[in-house]
file model19.txt (compact mmCIF, C-alpha atoms and all ligand atoms)
# COMPACT_ATOMS: atom_id res chain seq x y z
CA MET Y 26 143.47 34.77 139.95
CA SER Y 27 140.42 32.57 139.52
CA PRO Y 28 140.11 30.73 136.16
CA SER Y 29 136.39 31.71 136.01
CA THR Y 30 135.68 34.31 133.37
CA SER Y 31 132.15 35.48 133.97
CA PRO Y 32 130.59 37.49 136.79
CA GLN Y 33 128.04 34.70 137.32
CA ALA Y 34 130.70 31.98 137.72
CA LEU Y 35 132.87 34.15 139.96
CA THR Y 36 129.91 35.03 142.17
CA ALA Y 37 128.95 31.35 142.46
CA GLU Y 38 132.54 30.62 143.54
CA ALA Y 39 132.33 33.49 146.01
CA GLU Y 40 129.09 32.11 147.48
CA ALA Y 41 130.76 28.74 147.99
CA ALA Y 42 133.79 30.38 149.64
CA SER Y 43 131.48 32.35 151.92
CA ARG Y 44 129.61 29.16 152.90
CA ASP Y 45 133.00 27.60 153.75
CA GLY Y 46 133.76 30.54 156.04
CA GLU Y 47 136.43 31.98 153.70
CA ARG Y 48 135.20 35.55 153.88
CA ASP Y 49 138.23 37.29 152.44
CA ARG Y 50 138.53 34.86 149.52
CA ALA Y 51 134.81 35.38 148.84
CA ALA Y 52 135.42 39.15 148.84
CA ILE Y 53 138.27 38.88 146.32
CA LEU Y 54 136.08 36.73 144.03
CA CYS Y 55 133.24 39.26 144.23
CA GLU Y 56 135.71 42.03 143.36
CA GLN Y 57 136.81 40.01 140.32
CA ALA Y 58 133.16 39.58 139.25
CA LEU Y 59 132.67 43.34 139.58
CA GLN Y 60 135.71 44.01 137.43
CA PHE Y 61 133.79 42.30 134.60
CA ASP Y 62 130.59 44.16 135.35
CA PRO Y 63 130.66 46.90 138.03
CA LEU Y 64 126.84 46.84 138.15
CA TYR Y 65 126.46 43.07 138.64
CA ARG Y 66 124.05 43.13 141.58
CA PRO Y 67 124.46 39.60 143.01
CA ALA Y 68 128.23 40.14 143.43
CA HIS Y 69 127.67 43.58 144.90
CA GLU Y 70 125.09 42.34 147.39
CA LEU Y 71 127.14 39.34 148.44
CA LEU Y 72 130.25 41.48 148.96
CA TYR Y 73 128.35 44.07 150.97
CA GLY Y 74 126.76 41.46 153.24
CA LEU Y 75 130.04 39.69 153.94
CA PHE Y 76 131.17 42.49 156.26
CA LEU Y 77 128.39 45.00 156.94
CA HIS Y 78 125.18 44.36 158.85
CA GLY Y 79 122.53 45.92 161.05
CA GLU Y 80 121.33 49.51 161.24
CA LYS Y 81 122.44 52.11 158.71
CA TYR Y 82 125.19 54.54 159.75
CA SER Y 83 122.66 57.34 160.16
CA GLN Y 84 120.78 55.33 162.81
CA VAL Y 85 124.04 54.61 164.62
CA LEU Y 86 124.80 58.33 164.47
CA ARG Y 87 121.38 59.09 165.94
CA ARG Y 88 122.09 56.68 168.83
CA ILE Y 89 125.49 58.30 169.43
CA HIS Y 90 123.86 61.75 169.64
CA GLU Y 91 121.21 60.49 172.06
CA HIS Y 92 123.81 58.75 174.21
CA LEU Y 93 126.51 61.45 174.31
CA ARG Y 94 124.26 64.52 174.19
CA PRO Y 95 127.28 66.56 173.07
CA ARG Y 96 127.44 70.26 173.88
CA THR Y 97 128.83 70.91 170.40
CA TYR Y 98 128.72 69.05 167.08
CA VAL Y 99 130.39 69.80 163.75
CA GLU Y 100 129.32 67.96 160.60
CA ILE Y 101 131.44 68.27 157.45
CA GLY Y 102 129.25 67.51 154.41
CA VAL Y 103 125.55 67.94 155.25
CA GLU Y 104 123.98 67.66 151.78
CA THR Y 105 120.20 67.25 152.42
CA GLY Y 106 120.46 67.44 156.21
CA ALA Y 107 119.57 63.75 156.57
CA SER Y 108 122.28 63.20 159.19
CA ILE Y 109 122.55 66.57 160.95
CA ARG Y 110 118.83 66.48 161.75
CA PHE Y 111 119.60 63.97 164.55
CA VAL Y 112 121.21 66.58 166.81
CA GLN Y 113 119.65 66.87 170.26
CA PRO Y 114 118.03 70.09 171.49
CA GLY Y 115 120.91 71.00 173.83
CA THR Y 116 123.62 70.66 171.18
CA ARG Y 117 125.16 73.62 169.38
CA ALA Y 118 125.49 72.18 165.88
CA LEU Y 119 127.44 73.57 162.93
CA GLY Y 120 127.06 72.00 159.48
CA VAL Y 121 129.50 72.74 156.66
CA ASP Y 122 128.92 72.17 152.96
CA PRO Y 123 129.81 74.31 149.91
CA GLU Y 124 126.60 73.18 148.21
CA PRO Y 125 124.00 72.37 150.84
CA LYS Y 126 120.70 71.00 149.48
CA ILE Y 127 118.72 70.93 152.70
CA LYS Y 128 115.49 68.92 152.36
CA PHE Y 129 114.81 68.12 156.02
CA GLU Y 130 113.47 70.54 158.56
CA LEU Y 131 116.40 71.31 160.85
CA PRO Y 132 116.06 72.34 164.49
CA PRO Y 133 116.94 75.95 165.42
CA ASN Y 134 120.18 74.91 167.13
CA VAL Y 135 121.69 73.92 163.73
CA ARG Y 136 123.64 76.50 161.71
CA ILE Y 137 124.72 75.74 158.16
CA PHE Y 138 127.90 77.26 156.70
CA ALA Y 139 127.81 77.19 152.90
CA GLN Y 140 131.54 76.89 152.32
CA THR Y 141 134.25 74.27 151.98
CA SER Y 142 135.57 72.76 155.18
CA ASP Y 143 139.02 74.26 154.53
CA ASP Y 144 137.47 77.75 154.40
CA PHE Y 145 135.33 77.00 157.43
CA PHE Y 146 138.35 76.01 159.55
CA ALA Y 147 140.20 79.13 158.39
CA ARG Y 148 137.33 81.39 159.60
CA PRO Y 149 138.36 84.02 162.09
CA GLY Y 150 136.35 83.67 165.29
CA LEU Y 151 135.48 80.01 164.81
CA GLY Y 152 135.89 79.47 168.56
CA ALA Y 153 133.07 81.95 169.19
CA GLU Y 154 130.76 79.96 166.90
CA LEU Y 155 131.31 77.11 169.36
CA ASP Y 156 130.73 79.36 172.39
CA GLY Y 157 134.38 78.82 173.34
CA LEU Y 158 133.72 75.10 173.88
CA PRO Y 159 135.66 72.20 172.36
CA VAL Y 160 134.03 70.13 169.61
CA ASP Y 161 132.50 67.24 171.57
CA LEU Y 162 131.35 65.25 168.53
CA ALA Y 163 132.10 65.57 164.81
CA LEU Y 164 131.26 63.76 161.59
CA ILE Y 165 133.53 63.87 158.55
CA ASP Y 166 131.38 63.20 155.48
CA GLY Y 167 132.45 65.85 152.97
CA MET Y 168 134.65 65.51 149.90
CA HIS Y 169 135.34 61.81 149.28
CA HIS Y 170 139.07 62.17 148.72
CA PHE Y 171 141.44 60.90 151.37
CA GLU Y 172 143.50 64.10 151.67
CA PHE Y 173 140.36 66.22 152.27
CA ALA Y 174 139.24 63.88 155.04
CA LEU Y 175 142.76 63.94 156.51
CA ARG Y 176 142.75 67.75 156.62
CA ASP Y 177 139.27 67.68 158.17
CA PHE Y 178 140.55 65.28 160.81
CA ILE Y 179 143.59 67.46 161.60
CA ASN Y 180 141.47 70.61 161.83
CA LEU Y 181 138.80 68.97 163.97
CA GLU Y 182 141.19 67.24 166.38
CA ARG Y 183 142.76 70.63 167.20
CA LEU Y 184 139.30 71.85 168.26
CA CYS Y 185 138.46 68.72 170.29
CA ALA Y 186 139.14 67.63 173.86
CA ARG Y 187 140.65 64.26 174.74
CA SER Y 188 137.17 62.94 175.57
CA SER Y 189 135.67 64.02 172.22
CA THR Y 190 134.65 61.70 169.38
CA ILE Y 191 135.33 62.08 165.66
CA LEU Y 192 133.26 59.94 163.29
CA ILE Y 193 134.36 59.34 159.72
CA HIS Y 194 131.90 58.06 157.16
CA ASP Y 195 132.75 55.90 154.09
CA CYS Y 196 135.88 54.20 155.46
CA PHE Y 197 134.79 50.68 154.50
CA PRO Y 198 134.51 50.60 150.70
CA HIS Y 199 132.47 47.99 148.86
CA ASP Y 200 134.82 47.36 145.98
CA ARG Y 201 137.65 48.78 143.89
CA THR Y 202 135.34 50.66 141.51
CA THR Y 203 133.41 52.62 144.14
CA ALA Y 204 136.65 53.26 146.06
CA LYS Y 205 138.23 55.04 143.10
CA ARG Y 206 139.13 58.70 143.46
CA GLU Y 207 136.99 59.59 140.46
CA ARG Y 208 133.27 58.93 140.65
CA VAL Y 209 132.41 56.11 138.20
CA MET Y 210 128.81 55.38 139.20
CA HIS Y 211 126.13 56.89 141.41
CA PHE Y 212 127.32 55.04 144.52
CA TRP Y 213 130.77 56.33 145.58
CA SER Y 214 132.75 56.07 148.80
CA GLY Y 215 136.08 57.28 147.36
CA ASP Y 216 139.41 56.54 149.02
CA ILE Y 217 138.63 57.63 152.59
CA TRP Y 218 139.70 54.11 153.72
CA ARG Y 219 143.31 55.31 153.37
CA LEU Y 220 142.77 57.61 156.36
CA VAL Y 221 142.10 54.65 158.67
CA VAL Y 222 145.27 52.92 157.49
CA LEU Y 223 147.25 56.13 158.02
CA LEU Y 224 145.88 56.78 161.52
CA LYS Y 225 146.57 53.17 162.54
CA LYS Y 226 150.18 53.46 161.39
CA TYR Y 227 151.10 56.95 162.60
CA ARG Y 228 148.74 57.59 165.49
CA PRO Y 229 148.71 54.40 167.54
CA ASP Y 230 147.59 56.53 170.49
CA LEU Y 231 144.10 56.84 168.95
CA ALA Y 232 141.27 54.37 169.62
CA ILE Y 233 139.88 53.48 166.19
CA HIS Y 234 136.85 51.29 165.50
CA THR Y 235 135.07 51.01 162.16
CA ILE Y 236 131.48 50.12 162.99
CA ALA Y 237 130.18 47.64 160.39
CA ALA Y 238 127.19 49.86 159.57
CA PRO Y 239 125.84 49.84 156.00
CA PRO Y 240 126.41 51.13 153.48
CA THR Y 241 130.12 51.92 153.97
CA GLY Y 242 130.97 51.79 157.66
CA LEU Y 243 131.30 54.50 160.29
CA THR Y 244 134.74 54.88 161.83
CA MET Y 245 134.82 56.14 165.40
CA VAL Y 246 138.02 57.80 166.62
CA ARG Y 247 138.53 58.50 170.33
CA ASN Y 248 141.34 59.26 172.77
CA LEU Y 249 142.05 62.33 170.68
CA ASP Y 250 145.03 64.59 171.30
CA PRO Y 251 144.30 68.23 170.41
CA GLY Y 252 147.98 69.09 171.03
CA SER Y 253 149.31 66.57 168.51
CA ARG Y 254 150.99 68.21 165.50
CA PHE Y 255 152.46 65.13 163.82
CA LEU Y 256 149.83 64.87 161.06
CA ALA Y 257 149.84 68.59 160.26
CA GLU Y 258 153.62 68.83 160.20
CA ASN Y 259 153.96 65.82 157.87
CA LEU Y 260 150.91 66.41 155.70
CA GLU Y 261 152.60 66.43 152.30
CA ARG Y 262 154.72 63.34 152.90
CA LEU Y 263 151.74 61.44 154.41
CA CYS Y 264 149.55 62.29 151.41
CA ALA Y 265 152.25 61.03 149.05
CA GLU Y 266 152.74 57.82 151.04
CA PHE Y 267 149.05 56.91 151.27
CA LEU Y 268 147.99 58.02 147.79
CA ALA Y 269 150.54 55.49 146.53
CA LEU Y 270 148.86 52.67 148.46
CA ASP Y 271 146.91 50.40 146.10
CA TYR Y 272 143.43 49.16 146.99
CA ALA Y 273 144.86 45.60 146.89
CA PHE Y 274 146.42 46.44 150.28
CA LEU Y 275 143.02 45.48 151.74
CA ASP Y 276 142.93 42.05 150.08
CA GLY Y 277 143.08 39.12 152.44
CA ASP Y 278 142.11 40.96 155.66
CA ARG Y 279 140.00 44.00 154.96
CA GLY Y 280 138.17 43.71 158.28
CA GLY Y 281 141.42 43.59 160.26
CA LYS Y 282 143.13 46.32 158.26
CA LEU Y 283 140.21 48.71 158.71
CA ASN Y 284 139.51 47.79 162.38
CA LEU Y 285 136.00 46.51 161.63
CA PHE Y 286 133.82 46.35 164.74
CA PRO Y 287 130.39 44.66 165.09
CA ASN Y 288 127.43 46.92 164.45
CA ASP Y 289 125.81 46.08 167.76
CA TRP Y 290 124.78 49.02 169.94
CA GLU Y 291 125.33 47.06 173.16
CA ARG Y 292 128.98 46.68 172.13
CA ILE Y 293 129.38 50.16 170.64
CA ARG Y 294 128.04 52.04 173.68
CA PRO Y 295 130.91 51.08 176.06
CA LEU Y 296 133.40 52.44 173.51
CA LEU Y 297 131.91 55.89 174.05
CA GLY Y 298 132.95 56.02 177.69
C1 LIG C 301 127.71 62.26 151.04
S1 LIG C 301 127.22 63.90 151.14
C2 LIG C 301 126.91 64.11 152.87
C3 LIG C 301 125.77 63.28 153.36
C4 LIG C 301 125.24 63.60 154.75
N1 LIG C 301 126.26 63.69 155.77
C5 LIG C 301 124.25 62.51 155.14
O1 LIG C 301 124.65 61.55 155.80
O2 LIG C 301 123.09 62.61 154.71
C6 LIG C 301 128.73 64.74 150.89
C7 LIG C 301 128.62 66.24 150.91
O3 LIG C 301 129.93 66.78 151.02
C8 LIG C 301 129.92 68.03 150.41
N2 LIG C 301 131.30 68.48 150.13
C9 LIG C 301 132.02 68.31 149.00
N3 LIG C 301 133.22 68.92 149.13
C10 LIG C 301 133.25 69.45 150.36
C11 LIG C 301 134.21 70.22 151.08
N4 LIG C 301 135.38 70.54 150.53
N5 LIG C 301 133.91 70.63 152.33
C12 LIG C 301 132.71 70.29 152.90
N6 LIG C 301 131.76 69.57 152.26
C13 LIG C 301 132.03 69.16 151.02
C14 LIG C 301 129.08 67.83 149.15
O4 LIG C 301 128.57 69.07 148.69
C15 LIG C 301 128.01 66.85 149.64
O5 LIG C 301 126.82 67.53 149.95
call {"tool": "encode", "arguments": {"input": "model19.txt", "output": "C-alpha cells", "more": "lines below"}}
Ligand SMILES: C[S@@+](CC[C@H](N)C(=O)[O-])C[C@H]1O[C@@H](n2cnc3c(N)ncnc32)[C@H](O)[C@@H]1O
result
Amino acid sequence: MSPSTSPQALTAEAEAASRDGERDRAAILCEQALQFDPLYRPAHELLYGLFLHGEKYSQVLRRIHEHLRPRTYVEIGVETGASIRFVQPGTRALGVDPEPKIKFELPPNVRIFAQTSDDFFARPGLGAELDGLPVDLALIDGMHHFEFALRDFINLERLCARSSTILIHDCFPHDRTTAKRERVMHFWSGDIWRLVVLLKKYRPDLAIHTIAAPPTGLTMVRNLDPGSRFLAENLERLCAEFLALDYAFLDGDRGGKLNLFPNDWERIRPLLG
C-alpha cells in the first residue's frame, strides 16, 4: 500500500511509475487514487490510457463486419442501435434487448427482439429466424453481470460453427468501482472480465484475444466448439467459483490475465482467418 493519502499524490506517483515503464504498478496506484475519489479524472484518464488505445470498440466492430461479411449476426444488448447499425447488407441480423431505445436508422435486414437474451434463446423456431444457418458473428453486450454473459456465451456457441466469432464487450474494466456488480456511477462495465478468466481456465481450446479498444476492450473468441457441453453442465459450480474471485486477481498483470491484444487492425485482421 502506498503511504500517499490523496488522489493527487497517488496519481503523481502513478505518472512516475508509468514513465519508468512500471505499467501495472501505475495501475494499482491509480486504483488507490480512485478509491479516495471515484470521479478523480486525472487518475481515471491515466489508468485508461495505460492499456487501451486507438479506435473505439464500435469502429473495430464495424471493421470486423466489413471484413467477415457474416451471413448471420446476433447482438445481445442493442440499446440505441449504435453498434448493430454496422451490419452489412447481406447479413441477416438479429438484435436482442428487453428495453431497446433505438435512435439510429437501422437497415431492413436487422430485426429487433424486445426480450431478454435468456427468453430469446428459449424461443421455439430460433433456427428458422437464422434461415437454418449457424451464427457467423455475435456480440455479447447485454446485462453487465458475469453470469448473464456466460449464459449468452453458452447459448451462442451452441448456435455457432467452428469458424464463427463471438465478441464480448466490457471485458477490460477501468477500475474496481466501475467493475462492481452494482452500478455506482454512469460509466459501468460490471464484472464481465470474470468470463475471460473462466474461459481461459476451462476452455483452453478457445482462441481468446481482448482487443485493447476503448473504452473497455472487445474480447474476440474463435475456434468455437458448438458441441462442447462443459460450461452448460457445470454452470452453477462455475458461477460460484468465479463470483468468489476478487477484482485484486487482476493486480500485477491485468493485460496478461485478460489476454490484452494491440488495437491495431493490421494485427487483428489475421486473427479472423
Ligand atoms: C451497453 S448497452 C448496449 C450497447 C450497444 N451494444 C452499443 O454498443 O451501442 C446494454 C444493453 O443491454 C440490455 N440488456 C440488459 N439486460 C439484458 C438481457 N438480460 N438480455 C439482453 N439485453 C439486456 C440493456 O437494456 C441495454 O440496452
call {"tool": "axis_aligned_box", "arguments": {"input": "model19.txt", "around": "ligand LIG 301 (chain C)", "padding_each_side": "5 Å", "output": "JSON"}}
result
{"center_x": 129.2, "center_y": 66.1, "center_z": 152.2, "size_x": 22.3, "size_y": 19.1, "size_z": 17.1}
call {"tool": "atom_distance", "arguments": {"input": "model19.txt", "atom1": "atom C2 of ligand LIG 301 (chain C)", "atom2": "atom CA of Ser142 of chain Y"}}
result
12.5 Å
call {"tool": "atom_distance", "arguments": {"input": "model19.txt", "atom1": "atom CA of Arg87 of chain Y", "atom2": "atom O5 of ligand LIG 301 (chain C)"}}
result
18.9 Å
call {"tool": "closest_residue", "arguments": {"input": "model19.txt", "among": "Y:Gln140, Y:Ser189, Y:Thr36, Y:Ser31", "to": "ligand LIG 301 (chain C)", "atoms": "only C-alpha atoms and all ligand atoms"}}
result
Y:Gln140
call {"tool": "residues_near_point", "arguments": {"input": "model19.txt", "point": "(131.9, 37.1, 144.6)", "cutoff": "6 Å", "atoms": "all atoms listed in the file", "output": "CSV table (one decimal) with C-alpha atoms, in the coordinates of the input"}}
result
chain,number,residue,atom,x,y,z
Y,35,LEU,CA,132.9,34.2,140.0
Y,36,THR,CA,129.9,35.0,142.2
Y,39,ALA,CA,132.3,33.5,146.0
Y,51,ALA,CA,134.8,35.4,148.8
Y,52,ALA,CA,135.4,39.2,148.8
Y,54,LEU,CA,136.1,36.7,144.0
Y,55,CYS,CA,133.2,39.3,144.2
Y,68,ALA,CA,128.2,40.1,143.4
call {"tool": "atom_distance", "arguments": {"input": "model19.txt", "atom1": "atom CA of Glu172 of chain Y", "atom2": "atom CA of Ile127 of chain Y"}}
result
25.7 Å
call {"tool": "closest_residue", "arguments": {"input": "model19.txt", "among": "Y:Cys264, Y:Leu220, Y:Pro239, Y:Arg88", "to": "Asn284 of chain Y", "atoms": "all atoms listed in the file"}}
result
Y:Leu220
call {"tool": "closest_atom_pairs", "arguments": {"input": "model19.txt", "of": "chain Y", "to": "ligand LIG 301 (chain C)", "cutoff": "8 Å", "atoms": "only C-alpha atoms and all ligand atoms", "output": "JSON lines"}}
result
{"residue": "Y:Ser83", "atom": "CA", "partner": "C:LIG301", "partner_atom": "O1", "distance": 6.4}
{"residue": "Y:Glu100", "atom": "CA", "partner": "C:LIG301", "partner_atom": "N1", "distance": 7.1}
{"residue": "Y:Ile101", "atom": "CA", "partner": "C:LIG301", "partner_atom": "C12", "distance": 5.1}
{"residue": "Y:Gly102", "atom": "CA", "partner": "C:LIG301", "partner_atom": "O3", "distance": 3.5}
{"residue": "Y:Val103", "atom": "CA", "partner": "C:LIG301", "partner_atom": "N1", "distance": 4.3}
{"residue": "Y:Glu104", "atom": "CA", "partner": "C:LIG301", "partner_atom": "O5", "distance": 3.4}
{"residue": "Y:Thr105", "atom": "CA", "partner": "C:LIG301", "partner_atom": "O2", "distance": 5.9}
{"residue": "Y:Gly106", "atom": "CA", "partner": "C:LIG301", "partner_atom": "O2", "distance": 5.7}
{"residue": "Y:Ala107", "atom": "CA", "partner": "C:LIG301", "partner_atom": "O2", "distance": 4.1}
{"residue": "Y:Ser108", "atom": "CA", "partner": "C:LIG301", "partner_atom": "O1", "distance": 4.5}
{"residue": "Y:Ile109", "atom": "CA", "partner": "C:LIG301", "partner_atom": "N1", "distance": 7.0}
{"residue": "Y:Val121", "atom": "CA", "partner": "C:LIG301", "partner_atom": "C12", "distance": 5.5}
{"residue": "Y:Asp122", "atom": "CA", "partner": "C:LIG301", "partner_atom": "N6", "distance": 3.9}
{"residue": "Y:Pro123", "atom": "CA", "partner": "C:LIG301", "partner_atom": "O4", "distance": 5.5}
{"residue": "Y:Glu124", "atom": "CA", "partner": "C:LIG301", "partner_atom": "O4", "distance": 4.6}
{"residue": "Y:Pro125", "atom": "CA", "partner": "C:LIG301", "partner_atom": "O5", "distance": 5.7}
{"residue": "Y:Lys126", "atom": "CA", "partner": "C:LIG301", "partner_atom": "O5", "distance": 7.1}
{"residue": "Y:Gln140", "atom": "CA", "partner": "C:LIG301", "partner_atom": "N5", "distance": 6.7}
{"residue": "Y:Thr141", "atom": "CA", "partner": "C:LIG301", "partner_atom": "N5", "distance": 3.7}
{"residue": "Y:Ser142", "atom": "CA", "partner": "C:LIG301", "partner_atom": "N5", "distance": 3.9}
{"residue": "Y:Asp143", "atom": "CA", "partner": "C:LIG301", "partner_atom": "N4", "distance": 6.6}
{"residue": "Y:Leu164", "atom": "CA", "partner": "C:LIG301", "partner_atom": "N1", "distance": 7.7}
{"residue": "Y:Ile165", "atom": "CA", "partner": "C:LIG301", "partner_atom": "N1", "distance": 7.8}
{"residue": "Y:Asp166", "atom": "CA", "partner": "C:LIG301", "partner_atom": "N1", "distance": 5.2}
{"residue": "Y:Gly167", "atom": "CA", "partner": "C:LIG301", "partner_atom": "O3", "distance": 3.3}
{"residue": "Y:Met168", "atom": "CA", "partner": "C:LIG301", "partner_atom": "N3", "distance": 3.8}
{"residue": "Y:His169", "atom": "CA", "partner": "C:LIG301", "partner_atom": "C9", "distance": 7.3}
{"residue": "Y:Phe173", "atom": "CA", "partner": "C:LIG301", "partner_atom": "N4", "distance": 6.8}
call {"tool": "residues_around", "arguments": {"input": "model19.txt", "residues": "segment 210-219 of chain Y", "least_positions_apart": "4", "cutoff": "8 Å", "atoms": "all atoms listed in the file", "output": "VMD selection string"}}
result
chain Y and resid 169 to 171 174 195 to 198 203 to 206 223 241 267 to 268 270 283
call {"tool": "write_last_selection", "arguments": {"input": "model19.txt", "atoms": "C-alpha atoms", "output": "PDB file, in the frame of the given file"}}
result
ATOM      1  CA  HIS Y 169     135.340  61.810 149.280  1.00  0.00           C
ATOM      2  CA  HIS Y 170     139.070  62.170 148.720  1.00  0.00           C
ATOM      3  CA  PHE Y 171     141.440  60.900 151.370  1.00  0.00           C
ATOM      4  CA  ALA Y 174     139.240  63.880 155.040  1.00  0.00           C
ATOM      5  CA  ASP Y 195     132.750  55.900 154.090  1.00  0.00           C
ATOM      6  CA  CYS Y 196     135.880  54.200 155.460  1.00  0.00           C
ATOM      7  CA  PHE Y 197     134.790  50.680 154.500  1.00  0.00           C
ATOM      8  CA  PRO Y 198     134.510  50.600 150.700  1.00  0.00           C
ATOM      9  CA  THR Y 203     133.410  52.620 144.140  1.00  0.00           C
ATOM     10  CA  ALA Y 204     136.650  53.260 146.060  1.00  0.00           C
ATOM     11  CA  LYS Y 205     138.230  55.040 143.100  1.00  0.00           C
ATOM     12  CA  ARG Y 206     139.130  58.700 143.460  1.00  0.00           C
ATOM     13  CA  LEU Y 223     147.250  56.130 158.020  1.00  0.00           C
ATOM     14  CA  THR Y 241     130.120  51.920 153.970  1.00  0.00           C
ATOM     15  CA  PHE Y 267     149.050  56.910 151.270  1.00  0.00           C
ATOM     16  CA  LEU Y 268     147.990  58.020 147.790  1.00  0.00           C
ATOM     17  CA  LEU Y 270     148.860  52.670 148.460  1.00  0.00           C
ATOM     18  CA  LEU Y 283     140.210  48.710 158.710  1.00  0.00           C
TER      19      LEU Y 283
END
call {"tool": "residues_around", "arguments": {"input": "model19.txt", "residues": "Phe61 of chain Y", "least_positions_apart": "3", "cutoff": "8 Å", "atoms": "all atoms listed in the file", "output": "PyMOL selection string"}}
result
chain Y and resi 31-32+57-58
call {"tool": "write_last_selection", "arguments": {"input": "model19.txt", "atoms": "C-alpha atoms", "output": "CSV table (one decimal), keeping the file's coordinate frame"}}
result
chain,number,residue,atom,x,y,z
Y,31,SER,CA,132.2,35.5,134.0
Y,32,PRO,CA,130.6,37.5,136.8
Y,57,GLN,CA,136.8,40.0,140.3
Y,58,ALA,CA,133.2,39.6,139.2
call {"tool": "residues_near_point", "arguments": {"input": "model19.txt", "point": "(130.1, 80.9, 163.4)", "cutoff": "12 Å", "atoms": "all atoms listed in the file", "output": "list of chain:residue names"}}
result
Y:Val99, Y:Arg117, Y:Ala118, Y:Leu119, Y:Gly120, Y:Val121, Y:Val135, Y:Arg136, Y:Ile137, Y:Phe138, Y:Ala139, Y:Gln140, Y:Phe145, Y:Phe146, Y:Ala147, Y:Arg148, Y:Pro149, Y:Gly150, Y:Leu151, Y:Gly152, Y:Ala153, Y:Glu154, Y:Leu155, Y:Asp156, Y:Gly157
call {"tool": "closest_residue", "arguments": {"input": "model19.txt", "among": "Y:Gly298, Y:Glu182, Y:Asp177, Y:Thr30", "to": "Gln60 of chain Y", "atoms": "all atoms listed in the file"}}
result
Y:Thr30
call {"tool": "closest_residue", "arguments": {"input": "model19.txt", "among": "Y:Asp271, Y:Gln84, Y:Leu72, Y:Leu297", "to": "Leu162 of chain Y", "atoms": "only C-alpha atoms"}}
result
Y:Leu297
